[in-house]
Each structure stands twice: as C-alpha cells, then as structure tokens.
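Trainee: Next comes the structure file my_file27.txt, holding compact mmCIF, C-alpha atoms.
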```txt
# COMPACT_ATOMS: atom_id res chain seq x y z
CA MET A 127 11.83 19.06 -23.66
CA VAL A 128 10.76 22.61 -22.79
CA VAL A 129 9.98 25.61 -24.99
CA PHE A 130 10.35 29.06 -23.39
CA GLU A 131 11.63 32.53 -24.19
CA VAL A 132 15.09 33.63 -23.09
CA ASP A 133 17.08 36.84 -23.46
CA PRO A 134 20.82 36.06 -23.61
CA LEU A 135 22.01 39.70 -23.55
CA PRO A 136 22.05 40.15 -19.75
CA TRP A 137 24.22 37.06 -19.44
CA LEU A 138 26.84 37.90 -22.09
CA PRO A 139 30.42 38.46 -20.92
CA TRP A 140 31.93 41.83 -21.73
CA GLY A 141 32.99 42.29 -25.36
CA HIS A 142 31.02 39.37 -26.84
CA GLN A 143 27.98 39.07 -29.07
CA VAL A 144 25.59 36.27 -30.08
CA ILE A 145 25.85 34.61 -33.51
CA ASP A 146 22.46 33.04 -34.28
CA GLY A 147 23.48 30.59 -37.01
CA GLY A 148 20.43 31.03 -39.23
CA PRO A 149 17.16 29.11 -39.65
CA THR A 150 18.92 25.86 -40.62
CA ARG A 151 20.78 25.64 -37.32
CA LEU A 152 20.37 22.31 -35.49
CA PRO A 153 17.42 22.89 -33.12
CA ARG A 154 18.28 20.44 -30.36
CA THR A 155 20.62 17.67 -29.26
CA TYR A 156 20.42 15.25 -26.34
CA TYR A 157 22.86 14.09 -23.72
CA TYR A 158 22.33 11.30 -21.16
CA ALA A 159 25.09 10.98 -18.60
CA THR A 160 26.53 7.52 -18.09
CA GLU A 161 26.53 8.10 -14.33
CA ASP A 162 24.24 10.49 -12.50
CA PRO A 163 26.24 13.55 -11.38
CA LEU A 164 26.98 14.05 -7.71
CA SER A 165 24.36 16.38 -6.27
CA GLN A 166 25.96 19.55 -4.88
CA HIS A 167 23.08 22.03 -5.15
CA HIS A 168 20.95 21.22 -2.09
CA SER A 169 22.00 24.48 -0.42
CA TYR A 170 20.69 26.63 -3.30
CA CYS A 171 17.16 27.94 -3.72
CA ILE A 172 15.39 30.19 -6.22
CA ALA A 173 13.16 33.08 -5.14
CA VAL A 174 10.07 33.69 -7.29
CA MET A 175 7.97 36.83 -6.87
CA ASP A 176 4.24 36.63 -7.48
CA LEU A 177 4.29 40.02 -9.20
CA ALA A 178 7.31 39.89 -11.49
CA PRO A 179 9.25 43.16 -11.19
CA PRO A 180 10.34 45.05 -14.31
CA PRO A 181 13.89 44.39 -15.54
CA LEU A 182 15.20 47.66 -14.11
CA ASP A 183 13.91 46.80 -10.59
CA GLU A 184 15.14 43.19 -10.42
CA ALA A 185 18.29 44.11 -8.48
CA HIS A 186 16.22 46.13 -5.99
CA TRP A 187 13.82 43.26 -5.26
CA ARG A 188 16.70 40.79 -5.06
CA ASN A 189 18.20 42.90 -2.29
CA GLN A 190 14.80 43.12 -0.57
CA VAL A 191 14.57 39.32 -0.48
CA LEU A 192 18.13 39.16 0.85
CA ASN A 193 17.27 41.56 3.67
CA PHE A 194 14.16 39.53 4.46
CA LEU A 195 16.18 36.29 4.70
CA THR A 196 18.93 37.72 6.88
CA GLY A 197 16.60 39.92 8.95
CA PRO A 198 13.17 38.56 10.00
CA LEU A 199 14.00 34.95 9.06
CA ASN A 200 17.53 35.09 10.54
CA ARG A 201 19.05 32.94 7.78
CA ASN A 202 22.74 32.84 6.91
CA VAL A 203 22.98 33.64 3.19
CA LEU A 204 26.41 32.76 1.78
CA ASP A 205 25.84 33.99 -1.79
CA HIS A 206 23.16 35.56 -3.97
CA GLN A 207 23.04 36.38 -7.68
CA PRO A 208 20.54 36.70 -10.55
CA SER A 209 18.61 33.64 -11.70
CA LEU A 210 17.40 32.73 -15.19
CA PHE A 211 14.30 31.02 -13.78
CA GLY A 212 13.38 33.41 -10.95
CA ASP A 213 14.14 36.68 -9.25
CA GLY A 214 17.26 35.50 -7.44
CA LEU A 215 19.48 32.52 -6.65
CA TYR A 216 20.49 32.23 -2.99
CA LYS A 217 22.95 29.89 -1.29
CA LEU A 218 22.15 29.17 2.35
CA SER A 219 24.26 27.57 5.04
CA SER A 220 22.66 24.10 4.93
CA PRO A 221 20.11 22.03 3.00
CA ASN A 222 17.84 22.07 6.07
CA ALA A 223 17.46 25.82 5.79
CA VAL A 224 16.48 25.44 2.13
CA ASN A 225 13.98 22.73 2.98
CA ALA A 226 12.30 24.96 5.57
CA LEU A 227 11.85 27.76 3.00
CA VAL A 228 10.58 25.42 0.28
CA ASN A 229 8.02 23.72 2.53
CA HIS A 230 6.70 27.07 3.76
CA GLY A 231 4.04 28.99 1.89
CA HIS A 232 4.33 32.47 0.49
CA PHE A 233 6.21 35.14 2.42
CA GLN A 234 5.13 38.75 2.30
CA VAL A 235 7.92 41.15 1.37
CA GLN A 236 6.64 44.73 1.48
CA ASN A 237 3.74 44.88 -1.00
CA ASN A 238 4.65 41.63 -2.80
CA PHE A 239 4.80 37.91 -2.06
CA VAL A 240 7.74 35.58 -2.59
CA ARG A 241 8.09 31.80 -2.58
CA PHE A 242 11.16 29.58 -2.80
CA LEU A 243 11.97 26.60 -5.03
CA ARG A 244 14.83 24.14 -5.03
CA ALA A 245 17.48 24.81 -7.64
CA ASP A 246 16.67 21.60 -9.54
CA ASP A 247 12.87 22.17 -9.47
CA ALA A 248 12.71 25.27 -11.63
CA GLU A 249 9.35 25.34 -13.33
CA GLN A 250 10.63 26.76 -16.63
CA ASN A 251 13.08 24.03 -17.66
CA HIS A 252 12.19 20.94 -15.57
CA ARG A 253 10.05 18.29 -17.28
CA ALA A 254 9.53 14.52 -17.18
CA SER A 255 8.25 11.93 -19.66
CA GLN A 256 7.02 8.40 -19.07
CA GLY A 257 8.51 5.23 -20.55
CA PHE A 258 11.76 4.05 -22.10
CA ARG A 259 13.37 0.84 -23.35
CA LYS A 260 16.37 -1.26 -22.37
CA GLY A 261 18.19 -3.52 -24.77
CA TRP A 262 21.31 -4.54 -26.66
CA LEU A 263 22.74 -2.54 -29.57
CA MET A 264 25.32 -3.63 -32.11
CA MET A 265 27.81 -1.14 -33.59
CA LEU A 266 29.95 -2.21 -36.54
CA GLY A 267 33.21 -0.83 -37.84
CA ILE A 268 34.24 1.31 -34.84
CA HIS A 269 37.81 2.56 -35.09
CA PRO A 270 40.04 0.46 -32.79
CA ASP A 271 41.18 3.59 -30.90
CA TYR A 272 37.53 4.31 -29.95
CA ARG A 273 36.90 0.81 -28.56
CA ASN A 274 37.03 1.91 -24.90
CA ASP A 275 34.56 2.69 -22.14
CA LEU A 276 34.76 6.49 -22.42
CA ASP A 277 34.28 6.85 -26.18
CA ILE A 278 31.53 4.22 -26.45
CA ALA A 279 29.68 5.82 -23.51
CA ASN A 280 29.98 9.27 -25.10
CA ALA A 281 28.61 7.94 -28.40
CA VAL A 282 25.60 6.33 -26.72
CA SER A 283 24.95 9.40 -24.52
CA THR A 284 23.76 11.37 -27.59
CA PHE A 285 20.57 9.27 -27.76
CA GLY A 286 20.48 7.08 -24.61
CA LYS A 287 22.25 5.99 -21.44
CA PHE A 288 25.22 3.64 -21.60
CA HIS A 289 25.27 0.74 -19.10
CA SER A 290 27.91 -1.73 -20.28
CA TRP A 291 29.47 -3.40 -23.32
CA ASN A 292 30.96 -6.82 -24.03
CA ARG A 293 34.71 -6.30 -23.73
CA ASP A 294 35.44 -10.02 -24.17
CA ASP A 295 33.87 -10.32 -27.60
CA PRO A 296 36.46 -12.06 -29.84
CA ILE A 297 35.11 -10.33 -32.95
CA LYS A 298 36.81 -6.94 -33.08
CA GLU A 299 34.67 -5.46 -35.85
CA ARG A 300 31.57 -5.26 -33.66
CA VAL A 301 30.71 -3.76 -30.30
CA LEU A 302 27.74 -5.09 -28.30
CA VAL A 303 26.37 -2.36 -26.02
CA PHE A 304 23.64 -2.62 -23.37
CA ALA A 305 21.89 0.75 -23.06
CA SER A 306 18.63 2.54 -22.29
CA PHE A 307 16.94 4.63 -24.96
CA PRO A 308 13.57 6.43 -25.28
CA SER A 309 12.24 4.27 -28.12
CA PRO A 310 13.58 2.31 -31.11
CA ALA A 311 12.59 5.17 -33.42
CA LEU A 312 14.95 7.54 -31.59
CA VAL A 313 18.01 5.29 -31.94
CA PRO A 314 20.09 6.59 -34.87
CA ARG A 315 21.04 4.28 -37.71
CA ASP A 316 24.70 5.20 -37.33
CA VAL A 317 27.07 7.11 -35.07
CA VAL A 318 29.81 9.29 -36.52
CA PHE A 319 33.04 9.28 -34.49
CA GLY A 320 34.98 12.40 -35.43
CA LYS A 321 37.84 14.58 -34.33
CA PHE A 322 39.12 18.04 -35.12
CA ALA A 323 42.65 18.34 -36.42
CA THR A 324 44.99 20.63 -34.55
CA VAL A 325 46.13 22.35 -37.76
CA GLY A 326 44.71 22.83 -41.21
CA GLY A 327 41.04 23.04 -40.18
CA VAL A 328 40.39 19.38 -41.04
CA ARG A 329 37.69 17.22 -39.46
CA GLU A 330 38.12 13.46 -39.61
CA SER A 331 35.27 11.01 -38.97
CA TRP A 332 34.54 7.28 -38.87
CA THR A 333 30.96 6.07 -39.28
CA ALA A 334 29.65 3.07 -37.33
CA PRO A 335 26.23 1.58 -38.24
CA VAL A 336 23.93 0.85 -35.29
CA PHE A 337 21.48 -2.09 -35.11
CA ILE A 338 18.90 -2.76 -32.39
CA LEU A 339 19.02 -6.35 -31.08
CA SER A 340 16.46 -6.08 -28.24
CA ALA A 341 14.14 -3.42 -26.84
CA ASP A 342 12.43 -4.43 -23.62
CA PHE A 343 10.03 -2.15 -21.80
CA ALA A 344 11.62 -0.76 -18.65
CA ASP A 345 8.30 -0.16 -16.82
CA VAL A 346 7.43 -3.87 -16.46
CA LEU A 347 7.26 -4.60 -12.73
CA PRO A 348 7.88 -7.97 -11.05
CA ALA A 349 5.23 -9.83 -9.06
CA ASP A 350 3.70 -8.32 -5.91
CA GLU A 351 5.18 -8.88 -2.46
CA ASP A 352 4.14 -12.09 -0.67
CA PRO A 353 2.34 -11.71 2.67
CA MET A 354 3.82 -13.14 5.83
CA PRO A 355 2.61 -16.73 6.56
CA LEU A 356 0.37 -17.26 9.53
CA ASP A 357 3.09 -18.94 11.59
CA GLY A 358 5.57 -16.11 11.00
CA ASN A 359 8.14 -18.29 9.16
CA PRO A 360 8.69 -17.13 5.56
CA HIS A 361 11.15 -19.97 4.78
CA PRO A 362 9.91 -23.25 6.30
CA LEU A 363 11.04 -26.72 5.36
CA PRO A 364 9.50 -28.26 2.23
CA GLY A 365 5.89 -29.23 2.81
CA ASN A 366 5.39 -26.99 5.86
CA LEU A 367 4.41 -23.72 4.18
CA GLN A 368 1.17 -22.35 5.64
CA PRO A 369 -0.25 -19.82 3.18
CA HIS A 370 -3.60 -18.20 3.82
CA PRO A 371 -6.34 -18.48 1.17
CA ASN A 372 -6.89 -14.74 1.48
CA LEU A 373 -3.46 -13.36 0.64
CA PHE A 374 -4.35 -9.87 1.84
CA VAL A 375 -4.91 -10.93 5.46
CA ASN A 376 -1.41 -10.60 6.92
CA PRO A 377 1.06 -7.73 6.33
CA GLN A 378 4.54 -8.19 4.91
CA TYR A 379 6.67 -7.10 7.87
CA ARG A 380 6.47 -8.12 11.48
CA GLU A 381 7.03 -4.64 12.85
CA ILE A 382 3.46 -3.76 11.81
CA GLY A 383 1.87 -6.70 13.54
CA TRP A 384 2.68 -9.93 11.71
CA ASP A 385 2.00 -12.03 14.81
CA VAL A 386 -1.62 -10.92 15.20
CA GLY A 387 -3.89 -13.54 13.68
CA PRO A 388 -6.55 -12.45 11.19
CA ASP A 389 -9.35 -13.68 13.48
CA GLN A 390 -8.20 -11.74 16.55
CA HIS A 391 -9.32 -8.30 15.49
CA PHE A 392 -11.29 -5.91 17.66
CA ASP A 393 -12.23 -2.43 16.57
CA SER A 394 -12.97 -1.05 20.04
CA ALA A 395 -10.38 -0.42 22.73
CA ASP A 396 -12.11 -2.62 25.29
CA GLY A 397 -12.45 -5.53 22.85
CA THR A 398 -16.26 -5.67 22.95
CA THR A 399 -16.81 -5.03 19.24
CA ASP A 400 -15.53 -7.24 16.43
CA SER A 401 -14.44 -6.26 12.93
CA VAL A 402 -18.01 -6.52 11.60
CA GLY A 403 -19.27 -4.05 14.19
CA GLU A 404 -21.25 -6.68 16.08
CA GLN A 405 -21.41 -6.61 19.86
CA ILE A 406 -19.52 -9.44 21.61
CA THR A 407 -20.70 -10.86 24.89
CA ALA A 408 -18.38 -11.84 27.73
CA ASP A 409 -18.99 -15.55 27.11
CA GLU A 410 -18.15 -15.24 23.40
CA LEU A 411 -15.02 -13.26 24.21
CA ALA A 412 -13.90 -15.94 26.65
CA ASP A 413 -14.51 -18.60 23.96
CA ARG A 414 -12.42 -16.75 21.40
CA VAL A 415 -9.27 -16.10 23.46
CA VAL A 416 -7.64 -18.89 25.44
CA VAL A 417 -4.69 -17.89 27.63
CA LEU A 418 -2.44 -20.73 28.73
CA PRO A 419 -0.39 -20.53 31.94
CA LYS A 420 3.00 -18.88 31.58
CA GLU A 421 5.94 -21.28 31.51
CA ARG A 422 9.62 -20.67 32.06
CA PRO A 423 11.36 -20.35 28.66
CA VAL A 424 13.88 -22.91 27.51
CA ALA A 425 16.19 -20.57 25.59
CA ARG A 426 17.99 -17.72 27.38
CA SER A 427 17.80 -14.20 26.00
CA LEU A 428 20.78 -12.67 24.20
CA ASP A 429 20.13 -9.42 26.05
CA PHE A 430 21.60 -10.09 29.52
CA ASP A 431 20.52 -6.68 30.81
CA LYS A 432 16.97 -7.91 31.37
CA PRO A 433 16.04 -10.60 33.92
CA THR A 434 14.61 -13.87 32.73
CA ASP A 435 11.26 -13.07 34.38
CA GLU A 436 10.45 -10.74 31.50
CA PHE A 437 10.31 -13.56 28.96
CA THR A 438 6.99 -13.59 27.16
CA SER A 439 5.59 -15.94 24.58
CA THR A 440 2.69 -15.30 22.24
CA VAL A 441 2.08 -17.41 19.13
CA PHE A 442 -1.26 -18.10 17.51
CA SER A 443 -1.93 -21.47 15.92
CA ALA A 444 -2.47 -21.60 12.16
CA THR A 445 -5.64 -23.71 12.51
CA PRO A 446 -8.05 -22.02 14.92
CA MET A 447 -10.52 -24.13 16.91
CA THR A 448 -14.23 -23.58 16.46
CA ALA A 449 -16.71 -23.37 19.29
CA LYS A 450 -20.49 -23.06 19.27
CA THR A 451 -21.73 -19.79 20.74
CA LYS A 452 -25.11 -18.90 22.17
CA ARG A 453 -26.27 -17.33 18.92
CA GLY A 454 -25.85 -20.56 17.04
CA ARG A 455 -22.95 -19.41 14.86
CA LYS A 456 -19.39 -20.67 15.03
CA SER A 457 -16.67 -18.44 16.36
CA LYS A 458 -12.95 -19.07 16.02
CA THR A 459 -10.87 -19.58 19.13
CA LEU A 460 -7.24 -18.51 19.15
CA VAL A 461 -4.97 -20.97 20.96
CA VAL A 462 -1.72 -19.71 22.43
CA GLN A 463 1.17 -22.16 22.22
CA PRO A 464 4.06 -20.85 24.33
CA GLU A 465 6.42 -23.67 23.46
CA GLU A 466 6.71 -22.62 19.79
CA CYS A 467 8.16 -19.11 20.01
CA ARG A 468 9.73 -17.04 22.81
CA PHE A 469 10.90 -13.44 22.90
CA THR A 470 12.16 -11.02 25.53
CA LEU A 471 10.62 -7.65 26.18
CA SER A 472 13.85 -5.97 25.16
CA TYR A 473 13.80 -7.84 21.83
CA LEU A 474 10.20 -6.84 21.29
CA LYS A 475 11.03 -3.19 21.81
CA LYS A 476 14.03 -3.27 19.49
CA ASP A 477 12.34 -5.20 16.71
CA GLY A 478 8.96 -3.51 16.89
CA HIS A 479 7.16 -6.76 17.74
CA ARG A 480 3.64 -6.11 19.00
CA PRO A 481 2.14 -8.97 21.02
CA ALA A 482 -1.58 -9.50 21.18
CA PRO A 483 -3.42 -7.30 23.69
CA VAL A 484 -4.49 -8.85 26.97
CA LEU A 485 -8.25 -8.65 27.23
CA ALA A 486 -9.86 -8.62 30.66
CA VAL A 487 -13.04 -10.67 30.43
CA GLN A 488 -15.68 -9.41 32.82
CA PRO A 489 -19.26 -10.63 33.09
CA ARG A 490 -21.86 -8.36 31.63
CA PRO A 491 -23.94 -6.64 34.36
CA LYS A 492 -27.55 -7.69 34.56
CA LYS A 493 -30.08 -5.23 33.30
CA LYS A 494 -32.76 -4.05 35.71
CA ALA A 495 -36.30 -4.87 34.74
CA ARG A 496 -38.27 -1.83 33.76
CA ALA A 497 -41.66 -1.25 35.38
CA LYS A 498 -44.58 -1.47 33.02
CA PHE A 499 -47.44 0.98 33.44
CA LEU A 500 -50.85 0.20 31.98
CA LEU A 501 -53.36 2.92 31.25
CA VAL A 502 -56.91 1.67 32.01
CA LEU A 503 -59.80 3.56 30.53
CA PRO A 504 -63.35 3.20 31.90
CA GLN A 505 -65.64 1.03 29.73
CA ASP A 506 -69.21 -0.14 30.08
CA GLU A 507 -70.04 -3.75 30.97
CA GLU A 508 -71.42 -4.59 27.52
CA ALA A 509 -68.24 -3.52 25.73
CA GLU A 510 -66.13 -5.48 28.19
CA ALA A 511 -68.22 -8.63 27.59
CA GLU A 512 -67.89 -8.31 23.81
CA GLU A 513 -64.12 -7.86 24.11
CA ALA A 514 -63.78 -10.92 26.35
CA THR A 515 -65.85 -13.05 23.94
CA ALA A 516 -63.71 -11.95 20.98
CA GLN A 517 -60.58 -12.75 22.94
CA GLU A 518 -61.82 -16.26 23.75
CA GLU A 519 -62.62 -16.92 20.11
CA ASP A 520 -59.16 -15.81 19.09
CA ASP A 521 -57.54 -18.06 21.67
CA GLN A 522 -59.33 -21.18 20.45
CA GLU A 523 -57.54 -23.26 17.86
CA TYR A 524 -59.71 -25.05 15.40
CA ILE A 525 -58.19 -28.12 13.81
CA ASN A 526 -60.18 -29.45 10.85
CA ILE A 527 -59.01 -32.99 10.06
CA PRO A 528 -60.53 -34.41 6.87
CA ALA A 529 -62.35 -37.82 7.19
CA THR A 530 -60.50 -40.90 5.95
CA PRO A 531 -62.47 -43.11 3.49
CA ILE A 532 -63.58 -46.56 4.78
CA ALA A 533 -61.86 -48.33 1.89
CA VAL A 534 -58.52 -46.68 2.72
CA MET A 535 -58.79 -47.61 6.39
CA GLN A 536 -59.63 -51.25 5.47
CA ARG A 537 -56.67 -51.46 3.06
CA VAL A 538 -54.25 -50.02 5.61
CA GLY A 539 -55.62 -52.38 8.29
CA SER A 540 -55.20 -55.45 6.07
CA GLU A 541 -51.59 -54.43 5.37
CA LEU A 542 -51.01 -54.16 9.10
CA GLY A 543 -52.39 -57.69 9.67
CA ILE A 544 -55.64 -56.75 11.48
CA ALA A 545 -58.43 -59.36 11.42
CA PRO A 546 -61.12 -58.70 8.75
CA GLU A 547 -63.98 -58.86 11.30
CA LYS A 548 -62.49 -55.83 13.01
CA LEU A 549 -62.37 -53.83 9.80
CA THR A 550 -66.08 -53.85 9.02
CA LYS A 551 -67.93 -50.62 8.39
CA GLU A 552 -69.84 -50.85 11.67
CA LYS A 553 -66.64 -51.34 13.68
CA LEU A 554 -64.86 -48.47 11.95
CA GLU A 555 -67.80 -46.03 12.32
CA ALA A 556 -68.48 -46.96 15.95
CA ASP A 557 -67.93 -44.29 18.65
CA PRO A 558 -64.76 -45.08 20.60
CA ALA A 559 -66.32 -43.75 23.80
CA SER A 560 -69.20 -46.29 23.66
CA SER A 561 -66.95 -49.35 23.15
CA PRO A 562 -65.98 -51.33 26.29
CA SER A 563 -62.50 -50.47 27.58
CA THR A 564 -59.90 -53.21 27.73
CA ASP A 565 -56.21 -53.34 28.59
CA ALA A 566 -55.43 -55.87 25.89
CA HIS A 567 -54.44 -54.82 22.40
CA ASP A 568 -56.73 -55.51 19.43
CA ASP A 569 -53.99 -57.50 17.77
CA ASP A 570 -53.78 -59.98 20.63
```
With the file now loaded, output its structure as structure tokens.

Mentor:
Amino acid sequence: MVVFEVDPLPWLPWGHQVIDGGPTRLPRTYYYATEDPLSQHHSYCIAVMDLAPPPLDEAHWRNQVLNFLTGPLNRNVLDHQPSLFGDGLYKLSSPNAVNALVNHGHFQVQNNFVRFLRADDAEQNHRASQGFRKGWLMMLGIHPDYRNDLDIANAVSTFGKFHSWNRDDPIKERVLVFASFPSPALVPRDVVFGKFATVGGVRESWTAPVFILSADFADVLPADEDPMPLDGNPHPLPGNLQPHPNLFVNPQYREIGWDVGPDQHFDSADGTTDSVGEQITADELADRVVVLPKERPVARSLDFDKPTDEFTSTVFSATPMTAKTKRGRKSKTLVVQPEECRFTLSYLKKDGHRPAPVLAVQPRPKKKARAKFLLVLPQDEEAEAEEATAQEEDDQEYINIPATPIAVMQRVGSELGIAPEKLTKEKLEADPASSPSTDAHDDD
C-alpha cells in the first residue's frame, strides 16, 4: 500500500472529466491474480531527473534524454512517452540494453543528472510487506452457476490468492478452497456474488458466508541442507552412512570440493602451513599424505575421446590414521584408496571435480650456524677472582637429607628380616668407611 499525490488531468482523454464520488467513496480494494502475469516489460525503463523540471519543461527534458540515448549512448529507442513515476518512459530494443542503463550510475545531461529504473521498480508505487498465511476456506451457499474455477478464483482474488478447490466434494452446498491470504483478520466473513442486469438497472447478488478452517504461516522453512558424507555417497546401504560429528565440515555439492577431506587443508600454496597457521615440517607433511602407486583402472571411461592413461583415482578414507610426530602431538594421515573410486580427467572437467593437490615433499635445508662474538672488557685480578668464586658456589648443589631416627631404622630393619645384633645403635651410627669391606651381603 502506497500513499502519494497524483494529478489526473494530464492523463484525461479529450472531452472527459473526473467525478470524485465524495468523502464516503470506497478508499481501496485489493486484487491478487490467480496466476502471475507474463512479464512483457523488460524492455521498458523510466528516466528520473535529479532536479525535477517544471511541468511546462517536461517535454523538453524528455526529448533531451531521448537525444542522449540515441546519440552519445548509441541506443535504439523504439518508443518514448510521459511517465507517471518519472520524467519519461522509454522502450529499448532489448532487455540487455535496459539492464546496462539500470546498473550504471547517474548520467549527466546538460546541467542535470538522470538515472534509469526498471518499469516495475518505480519508487512511488512499489512496496513489499512480510508474512502471509496459507489455509483452507469454506464457502457456503454459492450459486450453482458460480461453482467453477473462474468465478471462485475471482471471488478469492479480492482478499487473497486462489490455489485450488475440491471439485469432487459430494456436498454441493459448500466449496472448500485452498488459498493464501495476508492474515485471518483480512478474510471477509462473506463474499457477495453479483451481476448487473442488461436492462432495467437491476443488480442481483448471492451472498456466501466464508469460514477459515486453517491458517498456517507461509514463512516456516524446512530443515537445513545436509552436508555431503565423508565418503561422497549420500545414499549408502542401511548401516553404512558415515556422517561427520561436525556437520559443517564438508560442503553440500561436489563441484566445490566434496572429495577433499576436512583434515587435508593447507592455507599456503606450497602446503607448508596448516589451517591453524602453524608451520609444518617436511617430515610431518610426509606423515600426513600417503600416495599409493597408480594402478590401472578396472572400469573403462564413458568418454572414449580420452585415452585410458588419463584415468586418475583419489579417494580419502573416512577414518584417518594417526601418527606420532616429532612435537609429541598426533597428526592425521590421509590414506588414498584407488580401488574405491575412479574418474577420468574429462569427467572431472565436466563435473567440476577437484582432486586433492599433489604436494612435493622436499627436505628442509639446514640452517647455517651463526658466529657468536663475545665482547671482553678488561678487569683487574681481584674482580676476576671474586667472580670465579661466586660462579663455583653457584655451580655446587647442596643436598640436605634429614637424619633418620634410630628407632625407625630398627623397625624397618626388623621388617626386612635383618638380625637384631646388626641393628644396634653402635652398628647403625658407625662410619661406613671404617668398617671392613666384604663381598658377602649382610643377610647371608
């Protein structure tokens, strides 16, 4: 719904005048077509001037825009006339010409600027509103002559869009209609079917009550799209589906890389940086990608223009192997199984299939040791002696082991089965260096 000013006088045919109808005139009615009309206006565009010319100069500026289109722009203009929503309506030779004008910015025409709009995108009368309902309606008491597709669709088009009705209903006094409507409050309580008599100035009408049976929201969307399984088969046999716990890992369509596993992802072109931005060594890269020898395919390609030598096979297993790297963390290894899936290069080009990139693993060059330079300052002998003494004290490690009580040592010895005469206080406090050395054990 749009509210704007309009002057009907310039559009009146010769010899006619406007009858207003008074303040009680019906302000608005609605019409929703049963079928969308066939679009035939793509070759029309509306010219809008930034500085609106006065009414007396509209024809002059319309001709200026026409000369600009046919002159500097070299466009073939088939027709031009005044426009209610701009400074001129122009018909060009093709929709492509209109699209070029609409996508362009402002054009300078003398001391003014002009821009072009599509005929159905006029800013004055084009609006949109969000939300509507879909449901079943029941009409009672419709005249039998109006029980047809055309009349029922015309009746519903005054407040909604007609979709279908139950023609096989055995009850003739009701009509079940499936339609779209803005909201239940905007569905009328009855529809008056009328006709104008050819003579006598009589209007006949038949009233049909309307009841709403269902009103479902039309903006309810179904579930989101499922991602492609890791093995590339969206319809496996029962019990063989391989979904990924992270459903956002794989895309939906194979032409954007469905066969690339989620763990084989490198951000740099040379494959030396992973998705986390961490540098990958040559050994880790060799552990992650395992390339098996190429085998001759079993199935023959349907494209006989290409030789069989161009068969390639690249499939990543759903369960990657784990290998221990030098840093102590586990990295996933992608295993290529050529016997599971085979494609030709011609098929890959037609279908958009992108195989995994071949990474050349080269050993990392050894870094040259940098020379270390030490700046030695002259010191006196006393300072050097003090520094050496402090260094020796720092290098020594002092281990202070607390003494074990005699009673604890005797209890532990008795539990170990040592003779009591060897657990006396004198024996335990004796210096081990002063005791005679023997090869035999004390327990013997």

Trainee: Applying 9 Å and all atoms listed in the file, which residues near Val301 (chain A) remain after dropping the ones on its own chain fewer than 6 positions away? List them as a PyMOL selection string.

Mentor: chain A and resi 263-268+273+278+291-293+295

Trainee: My list of candidates is A:Thr515, A:Ser540, A:Thr160, A:Ser169. Which is closest to Ser290 (chain A) when distances are computed with all atoms listed in the file?

Mentor: A:Thr160

Trainee: Which residues come within 12 Å of region 137-146 of chain A, counting all atoms listed in the file, excluding same-chain residues fewer than 4 positions away, as a PyMOL selection string?

Mentor: chain A and resi 132-133+150-153+207-210

Trainee: With C-alpha atoms kept, could you save the residues just selected as a compact mmCIF listing (two decimals), in the coordinates of the input?

Mentor:
```txt
# COMPACT_ATOMS: atom_id res chain seq x y z
CA VAL A 132 15.09 33.63 -23.09
CA ASP A 133 17.08 36.84 -23.46
CA THR A 150 18.92 25.86 -40.62
CA ARG A 151 20.78 25.64 -37.32
CA LEU A 152 20.37 22.31 -35.49
CA PRO A 153 17.42 22.89 -33.12
CA GLN A 207 23.04 36.38 -7.68
CA PRO A 208 20.54 36.70 -10.55
CA SER A 209 18.61 33.64 -11.70
CA LEU A 210 17.40 32.73 -15.19
```

Trainee: Please return the centre and edge lengths, in Å to one decimal, of a box with edges along x, y and z that contains all listed atoms of region 293-309 of chain A, widened by 4 Å on every side, as lines of an AutoDock Vina configuration file.

Mentor:
```
center_x = 24.5
center_y = -2.8
center_z = -29.1
size_x = 32.6
size_y = 26.5
size_z = 21.6
```

Trainee: Rounded to one decimal in Å, what is the spacing between CA of Asp247 (chain A) and CA of Val224 (chain A)?

Mentor: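 Interatomic distance here is 12.6 Å.
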